[in-house]
>>> print(open('structure_21.pdb').read())   # PDB, C-alpha atoms
ATOM      1  CA  MET A  29      74.755 105.723  89.110
ATOM      2  CA  ILE A  30      74.223 102.182  90.325
ATOM      3  CA  ASP A  31      71.488 101.393  92.826
ATOM      4  CA  TRP A  32      72.973  98.269  94.358
ATOM      5  CA  SER A  33      69.600  96.824  95.358
ATOM      6  CA  LEU A  34      67.821  97.184  92.024
ATOM      7  CA  GLN A  35      70.214  95.708  89.516
ATOM      8  CA  ALA A  36      68.711  93.286  87.029
ATOM      9  CA  ALA A  37      71.492  90.790  86.422
ATOM     10  CA  ALA A  38      72.467  89.887  82.877
ATOM     11  CA  PRO A  39      72.260  86.224  81.868
ATOM     12  CA  ASN A  40      74.806  84.228  83.841
ATOM     13  CA  ASN A  41      78.063  83.929  81.911
ATOM     14  CA  GLY A  42      79.257  81.017  84.046
ATOM     15  CA  LYS A  43      82.198  82.965  85.450
ATOM     16  CA  VAL A  44      82.909  83.451  89.152
ATOM     17  CA  ALA A  45      84.680  86.440  90.703
ATOM     18  CA  LEU A  46      85.910  86.840  94.279
ATOM     19  CA  VAL A  47      85.827  90.481  95.432
ATOM     20  CA  THR A  48      87.335  91.335  98.826
ATOM     21  CA  GLY A  49      86.354  94.284 100.977
ATOM     22  CA  ALA A  50      83.021  94.056  99.183
ATOM     23  CA  ALA A  51      80.585  95.167 101.878
ATOM     24  CA  ARG A  52      80.903  98.859 101.054
ATOM     25  CA  GLY A  53      82.531 101.460  98.821
ATOM     26  CA  ILE A  54      84.588 100.435  95.819
ATOM     27  CA  GLY A  55      84.346  96.719  96.550
ATOM     28  CA  LEU A  56      80.554  96.884  96.637
ATOM     29  CA  GLY A  57      80.509  98.917  93.439
ATOM     30  CA  VAL A  58      82.704  96.371  91.659
ATOM     31  CA  ALA A  59      80.525  93.488  92.846
ATOM     32  CA  ALA A  60      77.327  95.184  91.664
ATOM     33  CA  TRP A  61      78.851  96.035  88.282
ATOM     34  CA  LEU A  62      80.075  92.491  87.663
ATOM     35  CA  ILE A  63      76.714  91.024  88.642
ATOM     36  CA  ALA A  64      75.040  93.344  86.151
ATOM     37  CA  GLU A  65      77.398  91.929  83.506
ATOM     38  CA  GLY A  66      76.379  88.356  84.337
ATOM     39  CA  TRP A  67      79.078  87.227  86.752
ATOM     40  CA  GLN A  68      78.538  85.142  89.849
ATOM     41  CA  VAL A  69      80.223  87.230  92.539
ATOM     42  CA  VAL A  70      81.508  86.116  95.921
ATOM     43  CA  LEU A  71      81.662  89.058  98.307
ATOM     44  CA  ALA A  72      84.370  88.630 100.947
ATOM     45  CA  ASP A  73      84.525  90.972 103.906
ATOM     46  CA  ILE A  74      85.533  90.986 107.554
ATOM     47  CA  ASP A  75      82.133  92.477 108.469
ATOM     48  CA  ARG A  76      79.960  89.363 108.520
ATOM     49  CA  VAL A  77      76.659  91.109 109.306
ATOM     50  CA  ARG A  78      76.920  93.863 106.717
ATOM     51  CA  GLY A  79      78.416  91.539 104.114
ATOM     52  CA  SER A  80      75.549  89.068 104.434
ATOM     53  CA  LYS A  81      72.962  91.847 104.090
ATOM     54  CA  VAL A  82      74.704  93.321 101.056
ATOM     55  CA  ALA A  83      74.935  89.949  99.316
ATOM     56  CA  LYS A  84      71.234  89.329  99.931
ATOM     57  CA  ALA A  85      70.349  92.755  98.510
ATOM     58  CA  LEU A  86      72.396  92.096  95.371
ATOM     59  CA  GLY A  87      70.344  89.026  94.538
ATOM     60  CA  GLU A  88      70.823  85.419  93.570
ATOM     61  CA  ASN A  89      74.122  85.993  91.738
ATOM     62  CA  ALA A  90      75.817  87.216  94.936
ATOM     63  CA  TRP A  91      77.250  85.022  97.673
ATOM     64  CA  PHE A  92      79.068  86.045 100.852
ATOM     65  CA  VAL A  93      82.064  84.605 102.673
ATOM     66  CA  ALA A  94      83.554  86.088 105.860
ATOM     67  CA  MET A  95      87.290  86.643 105.626
ATOM     68  CA  ASP A  96      90.122  88.572 107.250
ATOM     69  CA  VAL A  97      92.598  88.665 104.378
ATOM     70  CA  ALA A  98      95.546  89.151 106.759
ATOM     71  CA  HIS A  99      95.084  85.627 108.153
ATOM     72  CA  GLU A 100      96.185  82.866 105.823
ATOM     73  CA  SER A 101      93.971  80.273 107.453
ATOM     74  CA  GLN A 102      90.878  82.395 106.776
ATOM     75  CA  VAL A 103      91.942  83.029 103.191
ATOM     76  CA  ALA A 104      92.527  79.322 102.595
ATOM     77  CA  VAL A 105      89.171  78.346 104.100
ATOM     78  CA  GLY A 106      87.345  81.112 102.243
ATOM     79  CA  VAL A 107      88.782  80.132  98.868
ATOM     80  CA  ALA A 108      87.947  76.493  99.577
ATOM     81  CA  GLU A 109      84.351  77.516 100.307
ATOM     82  CA  VAL A 110      84.170  79.330  96.975
ATOM     83  CA  LEU A 111      85.419  76.257  95.139
ATOM     84  CA  GLY A 112      83.033  74.042  97.056
ATOM     85  CA  GLN A 113      80.099  76.267  96.128
ATOM     86  CA  PHE A 114      80.901  77.014  92.485
ATOM     87  CA  GLY A 115      83.583  74.565  91.405
ATOM     88  CA  ARG A 116      85.622  77.262  89.677
ATOM     89  CA  LEU A 117      87.153  80.721  90.060
ATOM     90  CA  ASP A 118      87.799  83.085  87.160
ATOM     91  CA  ALA A 119      88.726  86.404  88.739
ATOM     92  CA  LEU A 120      90.062  87.946  91.936
ATOM     93  CA  VAL A 121      89.560  91.616  92.803
ATOM     94  CA  SER A 122      91.776  92.379  95.798
ATOM     95  CA  ASN A 123      90.171  95.456  97.289
ATOM     96  CA  ALA A 124      90.231  94.816 101.053
ATOM     97  CA  ALA A 125      92.173  97.557 102.801
ATOM     98  CA  ILE A 126      92.406  99.735 105.862
ATOM     99  CA  ALA A 127      91.547 102.878 103.949
ATOM    100  CA  GLU A 128      92.627 105.723 106.178
ATOM    101  CA  PRO A 129      95.010 108.150 104.503
ATOM    102  CA  HIS A 130      95.621 109.942 107.813
ATOM    103  CA  ASN A 131      97.490 107.906 110.385
ATOM    104  CA  PRO A 132      98.770 109.265 113.692
ATOM    105  CA  PRO A 133     101.876 111.453 113.447
ATOM    106  CA  LEU A 134     104.985 109.366 112.863
ATOM    107  CA  GLU A 135     106.185 109.799 116.437
ATOM    108  CA  SER A 136     102.887 108.322 117.663
ATOM    109  CA  LEU A 137     102.549 105.554 115.090
ATOM    110  CA  GLU A 138     102.589 102.239 116.923
ATOM    111  CA  LEU A 139     104.310  99.273 115.316
ATOM    112  CA  ALA A 140     101.180  97.161 115.790
ATOM    113  CA  ARG A 141      99.161  99.654 113.730
ATOM    114  CA  TRP A 142     101.835  99.783 111.005
ATOM    115  CA  ASN A 143     101.908  95.980 110.861
ATOM    116  CA  ARG A 144      98.121  95.687 110.658
ATOM    117  CA  VAL A 145      97.812  98.187 107.800
ATOM    118  CA  LEU A 146     100.542  96.452 105.797
ATOM    119  CA  ALA A 147      99.106  93.031 106.612
ATOM    120  CA  VAL A 148      95.637  93.898 105.273
ATOM    121  CA  ASN A 149      96.605  96.215 102.418
ATOM    122  CA  LEU A 150      99.625  94.314 101.107
ATOM    123  CA  THR A 151     100.090  90.846 102.605
ATOM    124  CA  GLY A 152      96.413  90.108 102.046
ATOM    125  CA  THR A 153      96.801  90.401  98.293
ATOM    126  CA  MET A 154      99.786  88.032  98.329
ATOM    127  CA  LEU A 155      97.821  85.461 100.341
ATOM    128  CA  LEU A 156      94.806  85.733  98.066
ATOM    129  CA  ALA A 157      96.929  85.367  94.940
ATOM    130  CA  LYS A 158      98.745  82.388  96.456
ATOM    131  CA  HIS A 159      95.546  80.484  97.244
ATOM    132  CA  CYS A 160      93.548  81.547  94.187
ATOM    133  CA  ALA A 161      96.252  81.092  91.543
ATOM    134  CA  PRO A 162      95.750  77.341  90.888
ATOM    135  CA  TYR A 163      92.053  77.859  90.180
ATOM    136  CA  LEU A 164      92.492  81.069  88.192
ATOM    137  CA  ARG A 165      95.156  79.366  86.067
ATOM    138  CA  ALA A 166      92.725  76.616  85.141
ATOM    139  CA  HIS A 167      90.389  79.157  83.538
ATOM    140  CA  GLN A 168      92.842  81.717  82.115
ATOM    141  CA  GLY A 169      91.744  84.056  84.872
ATOM    142  CA  ALA A 170      92.702  87.534  86.005
ATOM    143  CA  ILE A 171      93.605  89.450  89.148
ATOM    144  CA  VAL A 172      92.950  93.150  89.707
ATOM    145  CA  THR A 173      94.418  94.924  92.726
ATOM    146  CA  ILE A 174      93.081  98.241  94.012
ATOM    147  CA  ALA A 175      95.869 100.686  94.838
ATOM    148  CA  SER A 176      95.722 104.429  95.583
ATOM    149  CA  THR A 177      97.270 107.643  94.298
ATOM    150  CA  ARG A 178      98.844 107.887  97.754
ATOM    151  CA  ALA A 179     101.377 105.398  96.389
ATOM    152  CA  HIS A 180     102.664 108.215  94.154
ATOM    153  CA  GLN A 181     102.134 111.320  96.234
ATOM    154  CA  SER A 182     101.361 111.136  99.896
ATOM    155  CA  GLU A 183      99.941 113.340 102.591
ATOM    156  CA  PRO A 184     101.507 114.063 105.967
ATOM    157  CA  ASP A 185     101.006 111.303 108.519
ATOM    158  CA  SER A 186     100.076 108.627 105.976
ATOM    159  CA  GLU A 187     103.235 106.515 106.153
ATOM    160  CA  ALA A 188     101.588 103.125 106.681
ATOM    161  CA  TYR A 189      98.867 103.628 104.084
ATOM    162  CA  ALA A 190     101.200 105.057 101.458
ATOM    163  CA  ALA A 191     103.812 102.350 102.023
ATOM    164  CA  SER A 192     101.213  99.596 101.757
ATOM    165  CA  LYS A 193      99.791 100.908  98.493
ATOM    166  CA  GLY A 194     103.239 101.513  96.999
ATOM    167  CA  GLY A 195     104.182  97.953  97.893
ATOM    168  CA  LEU A 196     100.921  96.729  96.388
ATOM    169  CA  LEU A 197     101.861  98.200  93.016
ATOM    170  CA  ALA A 198     105.262  96.497  93.137
ATOM    171  CA  LEU A 199     103.570  93.235  94.105
ATOM    172  CA  THR A 200     101.150  93.604  91.195
ATOM    173  CA  HIS A 201     103.988  93.882  88.698
ATOM    174  CA  ALA A 202     105.819  90.921  90.258
ATOM    175  CA  LEU A 203     102.697  88.739  90.212
ATOM    176  CA  ALA A 204     102.111  89.627  86.576
ATOM    177  CA  MET A 205     105.551  88.277  85.713
ATOM    178  CA  SER A 206     105.228  85.169  87.878
ATOM    179  CA  LEU A 207     101.717  84.150  86.796
ATOM    180  CA  ALA A 208     101.871  84.929  83.067
ATOM    181  CA  PRO A 209     100.720  83.859  80.590
ATOM    182  CA  GLU A 210      97.815  81.981  82.186
ATOM    183  CA  ILE A 211      96.808  84.708  84.672
ATOM    184  CA  ARG A 212      96.727  88.422  83.943
ATOM    185  CA  VAL A 213      97.430  90.796  86.863
ATOM    186  CA  ASN A 214      96.765  94.533  86.786
ATOM    187  CA  ALA A 215      96.216  97.398  89.230
ATOM    188  CA  VAL A 216      93.605 100.139  89.311
ATOM    189  CA  THR A 217      94.667 103.247  91.196
ATOM    190  CA  PRO A 218      91.828 105.545  92.272
ATOM    191  CA  GLY A 219      92.294 109.114  93.368
ATOM    192  CA  TRP A 220      89.538 111.050  95.080
ATOM    193  CA  ILE A 221      86.487 108.804  94.777
ATOM    194  CA  ASP A 222      83.132 109.432  96.428
ATOM    195  CA  ALA A 223      82.780 105.893  97.750
ATOM    196  CA  ARG A 224      79.612 106.455  99.774
ATOM    197  CA  ASP A 225      76.423 104.521  99.157
ATOM    198  CA  PRO A 226      74.119 106.113  96.550
ATOM    199  CA  SER A 227      71.638 107.265  99.205
ATOM    200  CA  ALA A 228      74.389 109.044 101.150
ATOM    201  CA  ARG A 229      75.606 110.786  98.004
ATOM    202  CA  LYS A 230      72.092 112.029  97.330
ATOM    203  CA  ASP A 231      71.450 113.205 100.893
ATOM    204  CA  ALA A 232      74.797 115.006 101.279
ATOM    205  CA  PRO A 233      76.175 115.970  97.864
ATOM    206  CA  LEU A 234      79.739 117.184  97.593
ATOM    207  CA  THR A 235      80.311 120.916  97.461
ATOM    208  CA  GLU A 236      81.083 123.012  94.412
ATOM    209  CA  LEU A 237      84.578 123.532  95.820
ATOM    210  CA  ASP A 238      85.117 119.765  95.879
ATOM    211  CA  HIS A 239      84.341 119.543  92.179
ATOM    212  CA  ASP A 240      86.240 122.681  91.180
ATOM    213  CA  GLN A 241      89.544 121.064  92.165
ATOM    214  CA  HIS A 242      89.290 118.615  89.260
ATOM    215  CA  PRO A 243      89.852 119.349  85.544
ATOM    216  CA  LEU A 244      86.580 117.650  84.574
ATOM    217  CA  GLY A 245      84.638 119.473  87.239
ATOM    218  CA  ARG A 246      83.517 116.409  89.157
ATOM    219  CA  VAL A 247      84.809 114.022  91.789
ATOM    220  CA  GLY A 248      85.147 110.390  90.742
ATOM    221  CA  LEU A 249      82.471 107.833  91.530
ATOM    222  CA  VAL A 250      82.671 104.207  92.574
ATOM    223  CA  GLU A 251      81.254 103.322  89.170
ATOM    224  CA  ASP A 252      84.278 104.868  87.429
ATOM    225  CA  VAL A 253      86.532 102.408  89.219
ATOM    226  CA  ALA A 254      84.124  99.492  88.821
ATOM    227  CA  ALA A 255      83.933  99.986  85.067
ATOM    228  CA  GLN A 256      87.728  99.939  84.785
ATOM    229  CA  VAL A 257      87.959  96.756  86.857
ATOM    230  CA  ALA A 258      85.254  95.061  84.779
ATOM    231  CA  TRP A 259      87.106  95.907  81.570
ATOM    232  CA  LEU A 260      90.348  94.434  82.924
ATOM    233  CA  LEU A 261      88.516  91.202  83.727
ATOM    234  CA  SER A 262      86.960  91.015  80.271
ATOM    235  CA  ASP A 263      88.208  89.430  77.056
ATOM    236  CA  ASN A 264      88.732  92.956  75.722
ATOM    237  CA  ALA A 265      91.802  93.206  77.989
ATOM    238  CA  SER A 266      93.251  89.800  77.098
ATOM    239  CA  PHE A 267      96.572  91.399  76.085
ATOM    240  CA  VAL A 268      96.941  93.524  79.228
ATOM    241  CA  THR A 269      99.017  92.524  82.258
ATOM    242  CA  GLY A 270     101.407  94.142  84.715
ATOM    243  CA  GLN A 271      99.862  97.558  84.192
ATOM    244  CA  GLU A 272      98.561 100.312  86.458
ATOM    245  CA  PHE A 273      95.437 102.195  85.411
ATOM    246  CA  MET A 274      94.834 105.485  87.202
ATOM    247  CA  VAL A 275      91.263 106.540  87.798
ATOM    248  CA  ASP A 276      91.880 109.934  89.351
ATOM    249  CA  GLY A 277      90.596 112.646  87.026
ATOM    250  CA  GLY A 278      94.109 113.656  85.983
ATOM    251  CA  MET A 279      94.917 114.889  89.475
ATOM    252  CA  THR A 280      97.874 112.726  90.470
ATOM    253  CA  ARG A 281     100.378 115.564  90.333
ATOM    254  CA  LYS A 282      97.934 118.393  90.925
ATOM    255  CA  MET A 283      95.689 117.354  93.793
ATOM    256  CA  ILE A 284      94.926 120.091  96.292
ATOM    257  CA  TYR A 285      94.379 118.794  99.805
ATOM    258  CA  LEU A 286      92.290 120.997 102.073
ATOM    259  CA  ASP A 287      92.094 120.795 105.849
TER     260      ASP A 287
END
>>> encode(input="structure_21.pdb", output="structure tokens")
Amino acid sequence: MIDWSLQAAAPNNGKVALVTGAARGIGLGVAAWLIAEGWQVVLADIDRVRGSKVAKALGENAWFVAMDVAHESQVAVGVAEVLGQFGRLDALVSNAAIAEPHNPPLESLELARWNRVLAVNLTGTMLLAKHCAPYLRAHQGAIVTIASTRAHQSEPDSEAYAASKGGLLALTHALAMSLAPEIRVNAVTPGWIDARDPSARKDAPLTELDHDQHPLGRVGLVEDVAAQVAWLLSDNASFVTGQEFMVDGGMTRKMIYLD
């Protein structure tokens, strides 16, 4: 289990990764993992206060930029800041999302809410890819998008979230075709992941019933997703593009949802 604040970074490998939605949960886990492997990591998040604190806690190999990925002007400025600071960009992890599987019932779902979820969860990745592609191409870079098993099997009242993540997978495949061979593009699709901070996991562990629903007897951790993302960004995955990697404990067609 990673303690975000106590990671001793590996020697700097000269590579720079931009991770969005990085102030908490999966994005934070990915950032911490990459730093431990020697990357310089730019944490992008809409939460300026938390993002700045998280970057400071992660140490000298972390840098923060405020960004709402649904606004192209903010994406363009943020990417320009990254290039101004580091002079290069080698990887993009598009994790920013409105992560609420339960929306209001369809009859109560407002168009503004639908549009916002799709803008952050789907359009944001397109905007990031658009503005990062020239710099990723220069370094044979890679993009990893973070999807969700809700793209394959949904819950009631999750129309906006499920649609955005399903569209994200289609976008991932399309980007892989458009940006090859210089840029590899893949998706990681988590299932039930305990995305809380390590201290919260320790103070309020999941119940035995939570774990019993899974074939391996445990709920997934942020680190499970982070490790998969790190592998996809590594030279060990140089032949991999346009693929979806599920990190869900084998539960995609078997998940039991409890009220």
>>> closest_residue(input="structure_21.pdb", among="A:Val213, A:Ile221, A:Leu86, A:Leu150", to="Arg165 in chain A", atoms="all atoms listed in the file")
A:Val213
>>> closest_atom_pairs(input="structure_21.pdb", of="range 140-171 of chain A", to="range 110-126 of chain A", cutoff="6 Å", atoms="all atoms listed in the file", output="Markdown table")
| residue | atom | partner | partner_atom | distance |
| --- | --- | --- | --- | --- |
| A:Val145 | CA | A:Ile126 | CA | 5.9 |
| A:Val148 | CA | A:Ala125 | CA | 5.6 |
| A:Asn149 | CA | A:Ala125 | CA | 4.6 |
| A:Thr153 | CA | A:Ser122 | CA | 5.9 |
| A:Tyr163 | CA | A:Leu117 | CA | 5.7 |
| A:Leu164 | CA | A:Asp118 | CA | 5.2 |
| A:His167 | CA | A:Asp118 | CA | 5.9 |
| A:Gly169 | CA | A:Asp118 | CA | 4.7 |
| A:Ala170 | CA | A:Ala119 | CA | 5.0 |
| A:Ile171 | CA | A:Leu120 | CA | 4.8 |
>>> write_last_selection(input="structure_21.pdb", atoms="C-alpha atoms", output="PDB file, keeping the file's coordinate frame")
ATOM      1  CA  VAL A 145      97.812  98.187 107.800  1.00  0.00           C
ATOM      2  CA  VAL A 148      95.637  93.898 105.273  1.00  0.00           C
ATOM      3  CA  ASN A 149      96.605  96.215 102.418  1.00  0.00           C
ATOM      4  CA  THR A 153      96.801  90.401  98.293  1.00  0.00           C
ATOM      5  CA  TYR A 163      92.053  77.859  90.180  1.00  0.00           C
ATOM      6  CA  LEU A 164      92.492  81.069  88.192  1.00  0.00           C
ATOM      7  CA  HIS A 167      90.389  79.157  83.538  1.00  0.00           C
ATOM      8  CA  GLY A 169      91.744  84.056  84.872  1.00  0.00           C
ATOM      9  CA  ALA A 170      92.702  87.534  86.005  1.00  0.00           C
ATOM     10  CA  ILE A 171      93.605  89.450  89.148  1.00  0.00           C
TER      11      ILE A 171
END
>>> resolve_selection(input="structure_21.pdb", expression="the PyMOL selection byres ((chain A and resi 187) around 12)", output="PDB file with C-alpha atoms, keeping the file's coordinate frame")
ATOM      1  CA  GLU A 128      92.627 105.723 106.178  1.00  0.00           C
ATOM      2  CA  PRO A 129      95.010 108.150 104.503  1.00  0.00           C
ATOM      3  CA  HIS A 130      95.621 109.942 107.813  1.00  0.00           C
ATOM      4  CA  ASN A 131      97.490 107.906 110.385  1.00  0.00           C
ATOM      5  CA  PRO A 132      98.770 109.265 113.692  1.00  0.00           C
ATOM      6  CA  PRO A 133     101.876 111.453 113.447  1.00  0.00           C
ATOM      7  CA  LEU A 134     104.985 109.366 112.863  1.00  0.00           C
ATOM      8  CA  GLU A 135     106.185 109.799 116.437  1.00  0.00           C
ATOM      9  CA  SER A 136     102.887 108.322 117.663  1.00  0.00           C
ATOM     10  CA  LEU A 137     102.549 105.554 115.090  1.00  0.00           C
ATOM     11  CA  GLU A 138     102.589 102.239 116.923  1.00  0.00           C
ATOM     12  CA  LEU A 139     104.310  99.273 115.316  1.00  0.00           C
ATOM     13  CA  ARG A 141      99.161  99.654 113.730  1.00  0.00           C
ATOM     14  CA  TRP A 142     101.835  99.783 111.005  1.00  0.00           C
ATOM     15  CA  ASN A 143     101.908  95.980 110.861  1.00  0.00           C
ATOM     16  CA  VAL A 145      97.812  98.187 107.800  1.00  0.00           C
ATOM     17  CA  LEU A 146     100.542  96.452 105.797  1.00  0.00           C
ATOM     18  CA  ARG A 178      98.844 107.887  97.754  1.00  0.00           C
ATOM     19  CA  ALA A 179     101.377 105.398  96.389  1.00  0.00           C
ATOM     20  CA  GLN A 181     102.134 111.320  96.234  1.00  0.00           C
ATOM     21  CA  SER A 182     101.361 111.136  99.896  1.00  0.00           C
ATOM     22  CA  GLU A 183      99.941 113.340 102.591  1.00  0.00           C
ATOM     23  CA  PRO A 184     101.507 114.063 105.967  1.00  0.00           C
ATOM     24  CA  ASP A 185     101.006 111.303 108.519  1.00  0.00           C
ATOM     25  CA  SER A 186     100.076 108.627 105.976  1.00  0.00           C
ATOM     26  CA  ALA A 188     101.588 103.125 106.681  1.00  0.00           C
ATOM     27  CA  TYR A 189      98.867 103.628 104.084  1.00  0.00           C
ATOM     28  CA  ALA A 190     101.200 105.057 101.458  1.00  0.00           C
ATOM     29  CA  ALA A 191     103.812 102.350 102.023  1.00  0.00           C
ATOM     30  CA  SER A 192     101.213  99.596 101.757  1.00  0.00           C
ATOM     31  CA  LYS A 193      99.791 100.908  98.493  1.00  0.00           C
ATOM     32  CA  GLY A 194     103.239 101.513  96.999  1.00  0.00           C
ATOM     33  CA  GLY A 195     104.182  97.953  97.893  1.00  0.00           C
TER      34      GLY A 195
END
>>> closest_residue(input="structure_21.pdb", among="A:Ile74, A:Val216, A:Ala90, A:Leu46", to="His159 in chain A", atoms="all atoms listed in the file")
A:Leu46
>>> atom_distance(input="structure_21.pdb", atom1="CA of Ser266 in chain A", atom2="CA of Ala202 in chain A")
18.2 Å
>>> atom_distance(input="structure_21.pdb", atom1="CA of Asp231 in chain A", atom2="CA of Gly248 in chain A")
17.3 Å
>>> resolve_selection(input="structure_21.pdb", expression="the PyMOL selection byres ((chain A and resi 59) around 8)", output="MDAnalysis selection string")
chainID A and resid 47 50 55:58 60:63 69 71
>>> axis_aligned_box(input="structure_21.pdb", around="range 81-89 of chain A", padding_each_side="5 Å", output="lines of an AutoDock Vina configuration file")
center_x = 72.6
center_y = 89.4
center_z = 97.9
size_x = 14.6
size_y = 17.9
size_z = 22.4
>>> atom_distance(input="structure_21.pdb", atom1="CA of Val93 in chain A", atom2="CA of Leu156 in chain A")
13.6 Å
>>> decode(input="structure_21.pdb", residues="range 141-148 of chain A", atoms="all heavy atoms", output="PDB file, in the first residue's frame")
ATOM      1  N   ARG A 141     -26.814  18.930 -16.214  1.00  0.00           N
ATOM      2  CA  ARG A 141     -26.023  17.926 -15.494  1.00  0.00           C
ATOM      3  C   ARG A 141     -25.474  16.899 -16.472  1.00  0.00           C
ATOM      4  O   ARG A 141     -24.304  16.508 -16.389  1.00  0.00           O
ATOM      5  CB  ARG A 141     -26.885  17.243 -14.437  1.00  0.00           C
ATOM      6  CG  ARG A 141     -26.115  16.263 -13.564  1.00  0.00           C
ATOM      7  CD  ARG A 141     -24.993  16.974 -12.837  1.00  0.00           C
ATOM      8  NE  ARG A 141     -24.278  16.078 -11.949  1.00  0.00           N
ATOM      9  CZ  ARG A 141     -23.158  16.413 -11.322  1.00  0.00           C
ATOM     10  NH1 ARG A 141     -22.639  17.624 -11.505  1.00  0.00           N
ATOM     11  NH2 ARG A 141     -22.568  15.564 -10.523  1.00  0.00           N
ATOM     12  N   TRP A 142     -26.302  16.416 -17.380  1.00  0.00           N
ATOM     13  CA  TRP A 142     -25.864  15.479 -18.423  1.00  0.00           C
ATOM     14  C   TRP A 142     -24.689  16.071 -19.201  1.00  0.00           C
ATOM     15  O   TRP A 142     -23.672  15.416 -19.409  1.00  0.00           O
ATOM     16  CB  TRP A 142     -27.034  15.184 -19.347  1.00  0.00           C
ATOM     17  CG  TRP A 142     -26.687  14.481 -20.631  1.00  0.00           C
ATOM     18  CD1 TRP A 142     -26.288  15.073 -21.797  1.00  0.00           C
ATOM     19  CD2 TRP A 142     -26.698  13.079 -20.888  1.00  0.00           C
ATOM     20  NE1 TRP A 142     -26.059  14.122 -22.764  1.00  0.00           N
ATOM     21  CE2 TRP A 142     -26.306  12.889 -22.232  1.00  0.00           C
ATOM     22  CE3 TRP A 142     -27.020  11.958 -20.124  1.00  0.00           C
ATOM     23  CZ2 TRP A 142     -26.215  11.635 -22.821  1.00  0.00           C
ATOM     24  CZ3 TRP A 142     -26.931  10.704 -20.699  1.00  0.00           C
ATOM     25  CH2 TRP A 142     -26.534  10.548 -22.036  1.00  0.00           C
ATOM     26  N   ASN A 143     -24.829  17.320 -19.627  1.00  0.00           N
ATOM     27  CA  ASN A 143     -23.783  17.964 -20.419  1.00  0.00           C
ATOM     28  C   ASN A 143     -22.486  18.104 -19.642  1.00  0.00           C
ATOM     29  O   ASN A 143     -21.396  17.935 -20.198  1.00  0.00           O
ATOM     30  CB  ASN A 143     -24.254  19.338 -20.897  1.00  0.00           C
ATOM     31  CG  ASN A 143     -25.314  19.238 -21.984  1.00  0.00           C
ATOM     32  OD1 ASN A 143     -25.455  18.212 -22.636  1.00  0.00           O
ATOM     33  ND2 ASN A 143     -26.073  20.311 -22.167  1.00  0.00           N
ATOM     34  N   ARG A 144     -22.589  18.426 -18.357  1.00  0.00           N
ATOM     35  CA  ARG A 144     -21.377  18.607 -17.545  1.00  0.00           C
ATOM     36  C   ARG A 144     -20.635  17.279 -17.355  1.00  0.00           C
ATOM     37  O   ARG A 144     -19.412  17.230 -17.461  1.00  0.00           O
ATOM     38  CB  ARG A 144     -21.750  19.202 -16.192  1.00  0.00           C
ATOM     39  CG  ARG A 144     -20.572  19.371 -15.227  1.00  0.00           C
ATOM     40  CD  ARG A 144     -19.508  20.296 -15.770  1.00  0.00           C
ATOM     41  NE  ARG A 144     -18.413  20.439 -14.799  1.00  0.00           N
ATOM     42  CZ  ARG A 144     -17.234  21.004 -15.080  1.00  0.00           C
ATOM     43  NH1 ARG A 144     -17.009  21.505 -16.282  1.00  0.00           N
ATOM     44  NH2 ARG A 144     -16.309  21.094 -14.148  1.00  0.00           N
ATOM     45  N   VAL A 145     -21.375  16.212 -17.081  1.00  0.00           N
ATOM     46  CA  VAL A 145     -20.728  14.907 -16.906  1.00  0.00           C
ATOM     47  C   VAL A 145     -20.023  14.494 -18.191  1.00  0.00           C
ATOM     48  O   VAL A 145     -18.860  14.059 -18.168  1.00  0.00           O
ATOM     49  CB  VAL A 145     -21.752  13.832 -16.477  1.00  0.00           C
ATOM     50  CG1 VAL A 145     -21.120  12.448 -16.485  1.00  0.00           C
ATOM     51  CG2 VAL A 145     -22.283  14.144 -15.083  1.00  0.00           C
ATOM     52  N   LEU A 146     -20.692  14.618 -19.329  1.00  0.00           N
ATOM     53  CA  LEU A 146     -20.063  14.241 -20.591  1.00  0.00           C
ATOM     54  C   LEU A 146     -18.897  15.167 -20.941  1.00  0.00           C
ATOM     55  O   LEU A 146     -17.904  14.730 -21.521  1.00  0.00           O
ATOM     56  CB  LEU A 146     -21.093  14.214 -21.716  1.00  0.00           C
ATOM     57  CG  LEU A 146     -21.702  12.823 -21.983  1.00  0.00           C
ATOM     58  CD1 LEU A 146     -22.570  12.380 -20.814  1.00  0.00           C
ATOM     59  CD2 LEU A 146     -22.495  12.798 -23.261  1.00  0.00           C
ATOM     60  N   ALA A 147     -19.023  16.441 -20.582  1.00  0.00           N
ATOM     61  CA  ALA A 147     -17.948  17.384 -20.882  1.00  0.00           C
ATOM     62  C   ALA A 147     -16.673  17.021 -20.122  1.00  0.00           C
ATOM     63  O   ALA A 147     -15.574  17.034 -20.688  1.00  0.00           O
ATOM     64  CB  ALA A 147     -18.379  18.801 -20.532  1.00  0.00           C
ATOM     65  N   VAL A 148     -16.796  16.708 -18.842  1.00  0.00           N
ATOM     66  CA  VAL A 148     -15.620  16.373 -18.030  1.00  0.00           C
ATOM     67  C   VAL A 148     -15.106  14.980 -18.365  1.00  0.00           C
ATOM     68  O   VAL A 148     -13.905  14.766 -18.585  1.00  0.00           O
ATOM     69  CB  VAL A 148     -15.954  16.474 -16.531  1.00  0.00           C
ATOM     70  CG1 VAL A 148     -14.781  15.990 -15.685  1.00  0.00           C
ATOM     71  CG2 VAL A 148     -16.304  17.916 -16.161  1.00  0.00           C
TER      72      VAL A 148
END
